[in-house]
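Participant: If it helps, the file is called coords.txt and holds compact mmCIF, C-alpha atoms:
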```txt
# COMPACT_ATOMS: atom_id res chain seq x y z
CA MET A 1 22.60 162.35 63.36
CA VAL A 2 24.42 165.11 65.22
CA GLU A 3 21.07 166.80 65.75
CA THR A 4 19.59 163.58 67.21
CA MET A 5 22.48 163.10 69.58
CA SER A 6 22.27 166.62 70.92
CA GLN A 7 18.49 166.40 71.36
CA GLU A 8 18.88 163.18 73.29
CA GLN A 9 21.62 164.78 75.35
CA ALA A 10 19.37 167.75 76.08
CA ALA A 11 16.59 165.41 77.22
CA TRP A 12 19.01 163.49 79.42
CA ASN A 13 20.31 166.71 80.95
CA ALA A 14 16.77 167.85 81.76
CA ALA A 15 15.79 164.53 83.36
CA ALA A 16 19.13 163.99 85.10
CA ALA A 17 18.88 167.27 87.00
CA VAL A 18 15.76 166.12 88.92
CA LEU A 19 16.48 165.90 92.65
CA ASP A 20 15.51 162.94 94.79
CA PRO A 21 12.50 164.05 96.86
CA GLU A 22 13.67 162.30 100.02
CA VAL A 23 17.37 163.08 99.74
CA PRO A 24 17.32 166.41 97.86
CA ALA A 25 21.11 166.63 97.93
CA VAL A 26 21.44 164.17 95.05
CA THR A 27 19.90 163.91 91.59
CA VAL A 28 18.23 160.87 90.04
CA ALA A 29 21.33 160.54 87.84
CA ASP A 30 23.67 160.63 90.88
CA LEU A 31 21.66 157.79 92.41
CA GLY A 32 21.63 155.78 89.21
CA ILE A 33 17.86 155.41 89.23
CA LEU A 34 17.50 157.23 85.90
CA ARG A 35 18.68 154.42 83.65
CA SER A 36 18.35 155.96 80.20
CA VAL A 37 16.65 158.62 78.13
CA THR A 38 16.06 157.67 74.51
CA LEU A 39 14.77 159.85 71.69
CA THR A 40 12.18 157.77 69.87
CA ASP A 41 10.72 160.25 67.41
CA ASP A 42 11.24 163.98 66.94
CA ARG A 43 10.44 165.33 70.44
CA LYS A 44 9.26 162.01 71.86
CA VAL A 45 11.49 160.55 74.56
CA THR A 46 11.35 157.45 76.73
CA ALA A 47 12.92 157.70 80.16
CA LYS A 48 13.65 154.47 82.01
CA VAL A 49 13.51 154.68 85.77
CA THR A 50 14.21 151.97 88.32
CA PRO A 51 13.04 151.99 91.95
CA THR A 52 15.56 151.70 94.77
CA TYR A 53 13.32 149.51 96.95
CA SER A 54 10.14 147.70 95.87
CA GLY A 55 8.12 149.69 98.35
CA CYS A 56 9.86 153.04 97.92
CA PRO A 57 7.02 155.56 98.31
CA ALA A 58 9.00 158.16 96.38
CA VAL A 59 8.90 156.23 93.10
CA LEU A 60 5.76 157.92 91.79
CA ALA A 61 6.96 161.37 92.85
CA ILE A 62 10.27 160.76 91.09
CA GLU A 63 8.58 159.57 87.90
CA LEU A 64 6.27 162.60 87.89
CA ALA A 65 9.18 164.96 88.50
CA ILE A 66 11.14 163.48 85.59
CA GLU A 67 8.06 163.67 83.36
CA THR A 68 7.54 167.32 84.32
CA ALA A 69 11.20 168.19 83.74
CA LEU A 70 11.07 166.66 80.26
CA LEU A 71 7.80 168.43 79.44
CA ASP A 72 9.29 171.73 80.56
CA ALA A 73 12.27 171.10 78.28
CA GLY A 74 9.88 170.75 75.35
CA PHE A 75 9.78 166.98 75.03
CA GLU A 76 6.89 164.51 74.95
CA PRO A 77 7.99 162.08 77.64
CA LYS A 78 7.01 158.51 78.33
CA ILE A 79 8.20 157.10 81.64
CA GLU A 80 8.96 153.41 81.82
CA ARG A 81 9.52 151.67 85.15
CA VAL A 82 12.12 148.92 84.86
CA LEU A 83 12.79 146.35 87.58
CA SER A 84 15.53 144.39 85.93
CA PRO A 85 18.44 144.54 86.41
CA ALA A 86 17.68 145.41 90.01
CA TRP A 87 19.05 148.70 91.30
CA THR A 88 22.13 148.46 93.43
CA THR A 89 23.84 151.10 95.56
CA ASP A 90 26.93 150.45 93.42
CA TRP A 91 25.22 152.56 90.76
CA ILE A 92 25.47 155.68 92.89
CA THR A 93 28.13 157.80 91.19
CA ASP A 94 31.28 158.95 92.98
CA GLU A 95 29.94 162.48 92.78
CA GLY A 96 26.66 161.27 94.30
CA ARG A 97 28.49 159.53 97.13
CA GLU A 98 30.41 162.70 97.93
CA LYS A 99 27.19 164.76 97.87
CA LEU A 100 25.58 162.31 100.29
CA ARG A 101 28.52 162.55 102.68
CA VAL A 102 28.52 166.35 102.62
CA TYR A 103 24.75 166.26 103.25
CA GLY A 104 25.40 164.18 106.40
CA ILE A 105 24.47 160.73 105.08
CA ALA A 106 27.20 158.10 105.10
CA PRO A 107 27.39 156.68 101.55
CA PRO A 108 26.95 152.92 101.11
CA VAL A 109 29.97 150.70 101.47
CA LYS A 110 30.93 149.49 97.97
CA ALA A 111 30.50 146.00 96.52
CA SER A 112 26.97 145.73 97.84
CA ASN A 113 25.89 142.89 95.60
CA SER A 114 27.51 140.18 97.61
CA VAL A 115 25.78 138.51 100.50
CA ARG A 116 29.01 139.16 102.39
CA ALA A 117 28.31 142.91 102.35
CA LEU A 118 24.85 142.21 103.74
CA PHE A 119 25.92 139.89 106.50
CA GLY A 120 29.53 140.75 107.23
CA GLY A 121 30.63 143.40 109.68
CA THR A 122 30.24 146.63 107.77
CA VAL A 123 32.55 149.50 108.67
CA VAL A 124 30.72 152.78 108.20
CA ALA A 125 32.63 156.06 108.45
CA CYS A 126 31.04 159.03 110.20
CA PRO A 127 30.10 161.63 107.54
CA ARG A 128 31.01 164.45 109.95
CA CYS A 129 34.38 163.52 111.46
CA ALA A 130 35.34 160.52 109.28
CA SER A 131 35.87 158.31 112.33
CA THR A 132 35.32 154.63 111.67
CA THR A 133 34.41 153.96 115.29
CA THR A 134 30.67 153.96 114.75
CA THR A 135 27.76 151.89 116.06
CA ARG A 136 24.59 150.81 114.31
CA ILE A 137 21.53 151.96 116.23
CA SER A 138 18.91 150.56 113.91
CA GLU A 139 18.95 148.50 110.73
CA PHE A 140 16.00 150.52 109.47
CA GLY A 141 15.86 154.30 109.39
CA SER A 142 13.73 157.21 108.28
CA THR A 143 13.37 155.87 104.74
CA ALA A 144 13.58 152.39 103.23
CA CYS A 145 17.09 153.01 101.96
CA LYS A 146 18.69 154.16 105.21
CA ALA A 147 19.90 152.77 108.53
CA LEU A 148 20.63 154.69 111.73
CA TYR A 149 24.17 154.94 113.10
CA LYS A 150 25.97 156.99 115.72
CA CYS A 151 29.57 158.10 115.83
CA ASP A 152 31.40 156.96 118.97
CA ASP A 153 33.99 159.74 118.59
CA CYS A 154 32.04 162.91 117.81
CA HIS A 155 28.80 161.41 119.22
CA GLU A 156 26.68 162.59 116.30
CA PRO A 157 23.88 160.30 115.16
CA PHE A 158 23.70 159.95 111.38
CA ASP A 159 21.94 158.17 108.53
CA TYR A 160 23.71 155.49 106.55
CA PHE A 161 22.60 154.77 103.01
CA LYS A 162 22.51 150.98 103.18
CA CYS A 163 23.95 148.59 100.67
CA ILE A 164 21.57 146.75 98.47
CA MET B 1 2.46 128.39 80.18
CA THR B 2 -1.23 129.09 80.22
CA SER B 3 -2.02 132.44 81.71
CA PRO B 4 -4.52 131.21 84.37
CA VAL B 5 -1.68 129.27 86.02
CA LEU B 6 0.69 132.24 85.82
CA PHE B 7 -2.06 134.50 87.20
CA GLU B 8 -2.75 132.17 90.13
CA THR B 9 0.99 131.80 90.83
CA LEU B 10 1.44 135.57 90.96
CA LEU B 11 -1.70 136.04 93.04
CA ARG B 12 -0.56 133.57 95.70
CA LEU B 13 2.81 135.28 96.03
CA ALA B 14 1.22 138.71 96.08
CA ASP B 15 -1.33 137.68 98.72
CA ASP B 16 1.40 136.23 100.97
CA HIS B 17 3.26 139.52 100.84
CA LEU B 18 0.29 141.86 101.15
CA ILE B 19 -1.20 140.03 104.13
CA LEU B 20 2.10 139.72 106.00
CA GLY B 21 2.87 143.36 105.19
CA HIS B 22 -0.51 144.31 106.63
CA ARG B 23 0.08 142.27 109.78
CA LEU B 24 3.47 143.92 110.31
CA SER B 25 1.97 147.37 109.77
CA GLU B 26 -0.32 146.71 112.75
CA TRP B 27 2.79 147.14 114.92
CA CYS B 28 3.21 150.75 113.81
CA GLY B 29 3.04 152.82 116.98
CA HIS B 30 2.95 149.73 119.22
CA ALA B 31 6.48 148.36 118.95
CA PRO B 32 8.49 147.77 122.14
CA MET B 33 11.01 150.46 121.16
CA LEU B 34 11.40 153.26 118.64
CA GLU B 35 13.89 151.40 116.46
CA GLU B 36 11.43 148.53 116.05
CA ASP B 37 8.68 151.01 115.35
CA LEU B 38 10.79 152.01 112.34
CA ALA B 39 11.90 148.52 111.43
CA MET B 40 8.57 146.75 111.21
CA PRO B 41 6.79 149.32 109.01
CA ASN B 42 9.97 149.40 106.88
CA ILE B 43 9.81 145.66 106.35
CA ALA B 44 6.05 145.98 105.77
CA LEU B 45 6.78 148.59 103.11
CA ASP B 46 9.15 146.22 101.33
CA LEU B 47 6.60 143.40 101.42
CA ILE B 48 3.71 145.57 100.25
CA GLY B 49 5.96 147.02 97.54
CA GLN B 50 6.74 143.49 96.36
CA SER B 51 3.03 142.66 96.40
CA ARG B 52 2.27 145.75 94.31
CA ALA B 53 4.69 144.67 91.61
CA LEU B 54 3.15 141.18 91.68
CA TYR B 55 -0.47 142.41 91.63
CA ALA B 56 0.24 144.86 88.81
CA TYR B 57 1.75 142.06 86.74
CA ALA B 58 -1.02 139.63 87.71
CA ALA B 59 -3.65 142.15 86.59
CA GLU B 60 -1.84 142.51 83.27
CA VAL B 61 -1.62 138.73 82.81
CA GLU B 62 -5.29 138.31 83.68
CA GLY B 63 -6.20 140.89 81.04
CA LYS B 64 -9.64 141.69 82.41
CA GLY B 65 -8.98 145.33 83.08
CA GLN B 66 -8.53 144.96 86.82
CA SER B 67 -5.97 147.15 88.54
CA GLU B 68 -3.49 146.18 91.26
CA ASP B 69 -5.81 147.95 93.73
CA ASP B 70 -8.84 145.94 92.58
CA LEU B 71 -6.92 142.76 93.29
CA ALA B 72 -5.59 143.95 96.63
CA PHE B 73 -8.75 145.51 98.03
CA LEU B 74 -11.85 144.21 96.32
CA ARG B 75 -11.79 140.43 96.50
CA LEU B 76 -13.74 138.23 98.86
CA GLU B 77 -11.99 136.30 101.60
CA LYS B 78 -12.13 132.98 99.76
CA ASP B 79 -10.41 134.57 96.76
CA TYR B 80 -7.26 135.38 98.75
CA HIS B 81 -4.80 132.52 98.34
CA ASN B 82 -2.11 133.32 100.89
CA ILE B 83 -0.62 130.77 103.25
CA LEU B 84 -2.17 130.68 106.71
CA MET B 85 1.04 131.61 108.55
CA VAL B 86 0.92 135.21 107.32
CA GLU B 87 -2.68 135.87 108.37
CA ARG B 88 -2.34 134.54 111.93
CA PRO B 89 -2.42 137.29 114.54
CA ASN B 90 0.91 138.89 115.45
CA GLY B 91 1.06 137.49 118.97
CA ASP B 92 3.86 139.07 120.97
CA PHE B 93 6.96 140.70 119.49
CA GLY B 94 8.94 137.44 119.65
CA HIS B 95 6.19 135.61 117.77
CA THR B 96 6.21 138.31 115.07
CA MET B 97 10.00 138.09 114.69
CA LEU B 98 10.02 134.29 114.55
CA ARG B 99 7.28 134.29 111.89
CA GLN B 100 9.28 136.85 109.89
CA PHE B 101 12.43 134.78 110.18
CA LEU B 102 10.72 131.57 109.04
CA PHE B 103 8.97 133.31 106.15
CA SER B 104 11.87 135.47 104.95
CA SER B 105 14.29 132.55 105.15
CA PHE B 106 12.03 130.68 102.77
CA MET B 107 11.41 133.64 100.48
CA ALA B 108 15.13 134.46 100.15
CA LEU B 109 15.74 130.93 98.85
CA PHE B 110 12.66 131.17 96.64
CA TRP B 111 13.59 134.55 95.13
CA ASP B 112 17.17 133.46 94.64
CA ARG B 113 16.02 130.65 92.35
CA ALA B 114 13.20 132.70 90.84
CA GLN B 115 15.78 135.13 89.47
CA ASN B 116 16.24 132.47 86.78
CA SER B 117 12.52 132.18 86.11
CA THR B 118 11.49 131.67 82.49
CA ASP B 119 9.11 134.55 83.13
CA GLU B 120 11.21 137.69 82.72
CA THR B 121 8.99 139.97 84.77
CA LEU B 122 8.88 137.59 87.71
CA ALA B 123 12.67 137.21 87.45
CA GLY B 124 12.95 141.01 87.65
CA ILE B 125 10.73 141.18 90.72
CA ALA B 126 12.79 138.38 92.28
CA GLY B 127 16.03 140.29 91.62
CA LYS B 128 14.81 143.17 93.76
CA ALA B 129 13.01 141.12 96.39
CA ILE B 130 15.99 138.85 97.15
CA LYS B 131 18.08 141.79 98.38
CA GLU B 132 15.27 143.06 100.57
CA SER B 133 14.59 139.59 102.04
CA LEU B 134 18.21 139.29 103.15
CA TYR B 135 17.76 142.37 105.33
CA HIS B 136 14.55 140.93 106.75
CA ILE B 137 16.31 137.68 107.63
CA ARG B 138 19.19 139.46 109.29
CA HIS B 139 16.92 141.65 111.39
CA SER B 140 14.52 138.91 112.48
CA ALA B 141 17.28 136.32 113.05
CA GLU B 142 19.09 138.68 115.40
CA TRP B 143 15.93 139.01 117.48
CA VAL B 144 15.21 135.28 117.46
CA ILE B 145 18.71 134.70 118.86
CA ARG B 146 18.55 137.55 121.37
CA LEU B 147 15.14 136.54 122.72
CA GLY B 148 15.67 132.78 122.59
CA ASP B 149 19.00 133.08 124.37
CA GLY B 150 17.76 135.87 126.65
CA THR B 151 15.92 135.73 129.95
CA ASP B 152 13.73 132.85 131.11
CA GLU B 153 10.71 134.94 130.20
CA SER B 154 11.86 135.72 126.65
CA HIS B 155 13.06 132.14 126.12
CA ASN B 156 9.71 130.71 127.19
CA ARG B 157 7.88 133.10 124.92
CA MET B 158 10.01 132.01 121.96
CA VAL B 159 9.31 128.37 122.76
CA ALA B 160 5.60 129.21 122.79
CA ALA B 161 5.93 131.10 119.49
CA ASN B 162 7.66 128.11 117.93
CA THR B 163 4.87 125.82 119.09
CA ALA B 164 2.23 128.18 117.73
CA LEU B 165 3.90 128.59 114.33
CA ALA B 166 5.00 124.98 113.74
CA PRO B 167 1.68 123.84 112.18
CA TYR B 168 1.94 126.56 109.52
CA ILE B 169 5.42 125.67 108.22
CA GLY B 170 4.34 122.79 106.00
CA GLU B 171 2.22 125.00 103.78
CA LEU B 172 5.35 126.83 102.59
CA PHE B 173 6.42 123.64 100.83
CA GLU B 174 3.00 122.51 99.60
CA THR B 175 2.49 121.56 95.98
CA ASP B 176 -0.66 121.19 93.89
CA ASP B 177 -1.64 121.27 90.21
CA VAL B 178 -0.93 124.99 89.95
CA THR B 179 2.58 124.81 91.40
CA ASN B 180 3.38 121.66 89.45
CA THR B 181 2.41 123.30 86.16
CA ALA B 182 4.30 126.48 87.05
CA ILE B 183 7.38 124.47 88.06
CA ALA B 184 7.26 122.42 84.85
CA SER B 185 7.28 125.66 82.86
CA GLY B 186 10.24 127.00 84.83
CA ILE B 187 8.20 129.88 86.26
CA ILE B 188 8.96 129.12 89.91
CA PRO B 189 11.35 126.81 91.77
CA ARG B 190 10.05 123.64 93.41
CA ALA B 191 9.55 124.52 97.06
CA SER B 192 10.50 121.06 98.29
CA ASP B 193 13.93 121.51 96.67
CA LEU B 194 14.48 124.47 98.99
CA ARG B 195 13.55 122.60 102.14
CA SER B 196 16.93 121.26 103.21
CA ALA B 197 18.66 124.63 102.73
CA TRP B 198 15.81 126.27 104.65
CA GLU B 199 16.06 123.77 107.49
CA THR B 200 19.83 124.24 107.72
CA GLN B 201 19.43 128.00 108.04
CA VAL B 202 16.67 127.65 110.63
CA GLN B 203 18.69 125.08 112.61
CA THR B 204 21.75 127.36 112.65
CA VAL B 205 19.83 130.29 114.08
CA PHE B 206 17.79 128.14 116.48
CA GLU B 207 20.96 126.60 117.83
CA GLN B 208 22.35 130.05 118.69
CA ALA B 209 18.97 130.93 120.15
CA THR B 210 19.04 127.79 122.35
CA LEU B 211 15.76 126.73 120.76
CA THR B 212 14.69 123.46 119.18
CA PRO B 213 12.86 123.81 115.87
CA THR B 214 9.75 121.75 115.18
CA LEU B 215 10.15 120.81 111.54
CA ASP B 216 7.90 117.79 111.16
CA HIS B 217 4.62 119.08 112.57
CA LEU B 218 1.46 118.05 110.76
CA ALA B 219 0.73 120.89 108.33
CA GLN B 220 -2.35 123.06 108.52
CA THR B 221 -3.31 123.85 104.96
CA GLY B 222 -6.13 125.47 103.03
CA GLY B 223 -4.86 129.00 102.42
CA ARG B 224 -4.05 128.31 98.78
CA ILE B 225 -7.66 127.37 98.07
CA GLY B 226 -9.13 130.18 100.13
CA GLU B 227 -9.92 128.22 103.28
CA HIS B 228 -8.73 130.64 105.92
CA THR B 229 -8.54 130.86 109.67
CA GLU B 230 -11.11 132.96 111.50
CA ASP B 231 -8.66 135.85 111.81
CA MET B 232 -8.53 136.47 108.06
CA GLY B 233 -12.00 138.01 107.93
CA PHE B 234 -11.15 140.53 110.63
CA LEU B 235 -7.90 141.38 108.87
CA LEU B 236 -9.71 141.99 105.58
CA ALA B 237 -12.37 144.10 107.27
CA GLN B 238 -9.62 146.49 108.29
CA LEU B 239 -7.61 146.21 105.06
CA GLN B 240 -10.62 146.78 102.80
CA PHE B 241 -12.55 149.25 104.94
CA MET B 242 -11.72 152.35 102.93
CA GLN B 243 -12.49 150.92 99.49
CA ARG B 244 -15.66 149.21 100.70
CA THR B 245 -16.96 152.35 102.40
CA TYR B 246 -15.91 154.81 99.70
CA PRO B 247 -15.74 152.78 96.48
CA ASN B 248 -13.14 153.96 93.96
CA MET B 249 -11.77 156.58 96.30
CA THR B 250 -8.21 157.69 95.58
CA TRP B 251 -5.74 159.74 97.58
```
Could I get this file's structure written as structure tokens?

Facilitator:
Amino acid sequence: MVETMSQEQAAWNAAAAVLDPEVPAVTVADLGILRSVTLTDDRKVTAKVTPTYSGCPAVLAIELAIETALLDAGFEPKIERVLSPAWTTDWITDEGREKLRVYGIAPPVKASNSVRALFGGTVVACPRCASTTTTRISEFGSTACKALYKCDDCHEPFDYFKCI
Amino acid sequence: MTSPVLFETLLRLADDHLILGHRLSEWCGHAPMLEEDLAMPNIALDLIGQSRALYAYAAEVEGKGQSEDDLAFLRLEKDYHNILMVERPNGDFGHTMLRQFLFSSFMALFWDRAQNSTDETLAGIAGKAIKESLYHIRHSAEWVIRLGDGTDESHNRMVAANTALAPYIGELFETDDVTNTAIASGIIPRASDLRSAWETQVQTVFEQATLTPTLDHLAQTGGRIGEHTEDMGFLLAQLQFMQRTYPNMTW
């Protein structure tokens, strides 16, 4: 039993360390897109992965990277794509949010599940100077998960990881 | 639930999303400003992503060994069962935004209910799609308001867009044997049940846009049985070009 737990933990650790290809400051575990890693039989593991957006072009790259990481760690991985429950930015860990901010991407405002967060006036803090006097330039940014903002105090443009 | 009905239900939804996604992608590099050049392909990506999930599941339900790509790229025109609204040419930017607003407003209501579908996979797809649709509504609604309540030129163009799109609204709410069977099995919501909520949302935005919606226009139909407008063939020629010229090619 102890042996099983530690093997599963080792598999999780290997998969969880995979970086997001589009935002290489955070891991798949930080983002909450690696849902689980389960030991099914001896070295066989099943990793469940959920996409951020339906059309996220990085999904395949992420799945391959997780598969490779598990193979390298000596496991026989099977990757399962799960859609339900749908990924939400609330699953990004506190550590992940801090990593995003340091990287220059404003982390998503919490409580994203409500329609209010989608339609209400969102206050986004500048990741550089922390000012909350910011303006949205574009609802859609360089990737599906980001919007473009600019800071009205330090005048830096920045990405905002939008709520979903 | 017999699988042919589920297959056809999934195919219709997938076709709506693929074809509209393709139309939006035509704007890439041609948008009136950089931000829109990002926005429209982004929305297209969401729609095509949703269609991929639907095609992949449809292929599985069909069980004939077809892949999502076979369904998306290798059918004949009459085998595409999308509504006509999504295949109509983009028109000007205002026309594209109004079409997006009308469509996404409907889909958000549809996905919201479909989250409770008796089909677990479709419910899962709905759970993701609903969140994405809300962004599409917000973006397109803002433009409908800005252009409708803008200059004389932009207002007149929005009035023209409304006139051009009005005949294609009715098909959103159409029912036939396939939908009736799917509704009875709890697979999808009844579109006519969504109509009053849809009209309220459209009215609210149109009011701010100083526009008058045309909600009772005689409906042009035929998309669901593969009777398309002339533009569909040209669209497919572009969409399918690569697979038709180099069969089975992969990236």

Participant: Report, in Å with one decimal, the straight-line distance from atom CA of Leu215 of chain B to atom CA of Ala44 of chain B.

Facilitator: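 About the pair atom CA of Leu215 of chain B and atom CA of Ala44 of chain B: they are 26.1 Å apart.
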
Participant: Counting all atoms listed in the file, which residues from chain B have an atom at most 6 Å from any atom of chain A, and could you show them as a list in words?

Facilitator: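 So the residues of chain B near chain A are Glu35, Ala39, Asn42, Leu45, Asp46, Gly49, Gln50, Gly124, Gly127 and Lys128 of chain B.
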
Participant: Taking (17.8, 138.1, 119.2) in the file's coordinates, which residues come within 10 Å, counting all atoms listed in the file, written as a PDB file with C-alpha atoms, in the frame of the given file?

Facilitator:
```
ATOM      1  CA  GLY B  94       8.940 137.440 119.650  1.00  0.00           C
ATOM      2  CA  MET B  97      10.000 138.090 114.690  1.00  0.00           C
ATOM      3  CA  LEU B  98      10.020 134.290 114.550  1.00  0.00           C
ATOM      4  CA  HIS B 139      16.920 141.650 111.390  1.00  0.00           C
ATOM      5  CA  SER B 140      14.520 138.910 112.480  1.00  0.00           C
ATOM      6  CA  ALA B 141      17.280 136.320 113.050  1.00  0.00           C
ATOM      7  CA  GLU B 142      19.090 138.680 115.400  1.00  0.00           C
ATOM      8  CA  TRP B 143      15.930 139.010 117.480  1.00  0.00           C
ATOM      9  CA  VAL B 144      15.210 135.280 117.460  1.00  0.00           C
ATOM     10  CA  ILE B 145      18.710 134.700 118.860  1.00  0.00           C
ATOM     11  CA  ARG B 146      18.550 137.550 121.370  1.00  0.00           C
ATOM     12  CA  LEU B 147      15.140 136.540 122.720  1.00  0.00           C
ATOM     13  CA  GLY B 148      15.670 132.780 122.590  1.00  0.00           C
ATOM     14  CA  ASP B 149      19.000 133.080 124.370  1.00  0.00           C
ATOM     15  CA  GLY B 150      17.760 135.870 126.650  1.00  0.00           C
ATOM     16  CA  SER B 154      11.860 135.720 126.650  1.00  0.00           C
ATOM     17  CA  VAL B 205      19.830 130.290 114.080  1.00  0.00           C
ATOM     18  CA  GLN B 208      22.350 130.050 118.690  1.00  0.00           C
ATOM     19  CA  ALA B 209      18.970 130.930 120.150  1.00  0.00           C
TER      20      ALA B 209
END
```

Participant: Find the residues near Leu109 of chain B: any atom within 8 Å, counting all atoms listed in the file, skip ones fewer than 5 places away on the same chain, and give them as JSON, numbers by chain.

Facilitator: {"B": [194, 197, 198]}

Participant: Take the residues from that selection and put them in a file with C-alpha atoms, as a CSV table (one decimal), keeping the file's coordinate frame.

Facilitator:
```
chain,number,residue,atom,x,y,z
B,194,LEU,CA,14.5,124.5,99.0
B,197,ALA,CA,18.7,124.6,102.7
B,198,TRP,CA,15.8,126.3,104.6
```

Participant: Could you tell me which of B:Ser196, B:Thr9, B:Thr204, B:Thr96 comes closest to Gly21 of chain B if we count all atoms listed in the file?

Facilitator: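 Of B:Ser196, B:Thr9, B:Thr204, B:Thr96, the one nearest Gly21 of chain B is B:Thr96, counting all atoms listed in the file.
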
Participant: Pick from B:Asp79, B:Asp193, B:Gln115, B:His22: nearest to Gly226 of chain B, with only C-alpha atoms counted?

Facilitator: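 Nearest candidate to Gly226 of chain B out of B:Asp79, B:Asp193, B:Gln115, B:His22: B:Asp79.
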
Participant: Give me, please, the distance in Å between atom CA of Met107 of chain B and atom CA of Pro4 of chain B, quoted to one decimal.

Facilitator: 22.8 Å

Participant: For Leu100 of chain A, please output as a list in words all residues within 8 Å (counting all atoms listed in the file; exclusion window: fewer than 5 positions along the same chain).

Facilitator: Ala25, Val26, Ile105, Ala106 and Pro107 of chain A

Participant: Neighbouring residues of Gly223 of chain B were defined as those with any atom within 12 Å, considering only C-alpha atoms; residues of the same chain fewer than 2 positions away were excluded. Please report them as a ChimeraX atom specification.

Facilitator: /B:12-13,15-16,19,77-88,168,170-172,174,219-221,225-230,232

Participant: Once you count only C-alpha atoms, which residues end up no further than 8 Å from (34.5, 156.9, 115.2) in the file's frame, shown as a PDB file with C-alpha atoms, in the frame of the given file?

Facilitator:
```pdb
ATOM      1  CA  ALA A 125      32.630 156.060 108.450  1.00  0.00           C
ATOM      2  CA  CYS A 126      31.040 159.030 110.200  1.00  0.00           C
ATOM      3  CA  CYS A 129      34.380 163.520 111.460  1.00  0.00           C
ATOM      4  CA  ALA A 130      35.340 160.520 109.280  1.00  0.00           C
ATOM      5  CA  SER A 131      35.870 158.310 112.330  1.00  0.00           C
ATOM      6  CA  THR A 132      35.320 154.630 111.670  1.00  0.00           C
ATOM      7  CA  THR A 133      34.410 153.960 115.290  1.00  0.00           C
ATOM      8  CA  THR A 134      30.670 153.960 114.750  1.00  0.00           C
ATOM      9  CA  CYS A 151      29.570 158.100 115.830  1.00  0.00           C
ATOM     10  CA  ASP A 152      31.400 156.960 118.970  1.00  0.00           C
ATOM     11  CA  ASP A 153      33.990 159.740 118.590  1.00  0.00           C
ATOM     12  CA  CYS A 154      32.040 162.910 117.810  1.00  0.00           C
TER      13      CYS A 154
END
```

Participant: Go through B:Met249, B:Val178, B:Ala123, B:Leu134 and flag the residue nearest Ala108 of chain B, using all atoms listed in the file for the distances.

Facilitator: B:Leu134

Participant: Given only C-alpha atoms as the basis, pick out the residue of A:Ala11, A:Pro108, A:Ile79, A:Tyr160 nearest to Asp42 of chain A.

Facilitator: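 Answer, going by the shortest atom-to-atom distance: A:Ala11.
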
Participant: Please provide as a VMD selection string all residues within 10 Å of Ala59 of chain B, with the sequence filter that same-chain residues fewer than 3 positions apart are discarded (counting all atoms listed in the file).

Facilitator: chain B and resid 7 10 to 11 54 to 56 62 to 71

Participant: Report the distance between atom CA of Thr50 of chain A and atom CA of Trp91 of chain A in Å, rounded to one decimal place.

Facilitator: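 These atoms are spaced 11.3 Å apart.
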
Participant: My list of candidates is B:Val202, B:Gly233, B:Asp177, B:Leu6. Which is closest to Thr121 of chain B when distances are computed with all atoms listed in the file?

Facilitator: B:Leu6

Participant: When you count only C-alpha atoms, which of these residues is closest to Tyr57 of chain B: B:Thr212, B:Asn248, B:Glu8, B:Arg224?

Facilitator: B:Glu8

Participant: Padding 3 Å on each side, edges along x, y and z: where is the centre of the box around the listed atoms of segment 196-202 of chain B, and how long are its edges in Å to one decimal? Output it as JSON.

Facilitator:
```
{"center_x": 17.8, "center_y": 124.6, "center_z": 106.7, "size_x": 10.0, "size_y": 12.7, "size_z": 13.9}
```

Participant: Should you be able to, write segment 188-195 of chain B of this structure into a file that contains N, CA and C atoms, as a CSV table (one decimal), in the first residue's frame.

Facilitator:
```
chain,number,residue,atom,x,y,z
B,188,ILE,N,-31.2,17.3,-25.8
B,188,ILE,CA,-31.1,18.7,-26.1
B,188,ILE,C,-32.3,19.5,-25.6
B,189,PRO,N,-32.2,20.7,-25.3
B,189,PRO,CA,-33.4,21.5,-24.9
B,189,PRO,C,-34.2,21.8,-26.1
B,190,ARG,N,-35.5,22.1,-25.9
B,190,ARG,CA,-36.4,22.5,-27.0
B,190,ARG,C,-36.1,24.0,-27.3
B,191,ALA,N,-35.7,24.2,-28.6
B,191,ALA,CA,-35.3,25.5,-29.0
B,191,ALA,C,-36.4,26.6,-28.8
B,192,SER,N,-37.6,26.2,-29.0
B,192,SER,CA,-38.7,27.2,-28.9
B,192,SER,C,-38.9,27.6,-27.5
B,193,ASP,N,-38.5,26.8,-26.5
B,193,ASP,CA,-38.5,27.2,-25.1
B,193,ASP,C,-37.5,28.3,-24.8
B,194,LEU,N,-36.5,28.4,-25.7
B,194,LEU,CA,-35.5,29.4,-25.4
B,194,LEU,C,-35.8,30.8,-26.1
B,195,ARG,N,-36.9,30.8,-26.9
B,195,ARG,CA,-37.1,31.9,-27.7
B,195,ARG,C,-37.4,33.2,-27.0
```
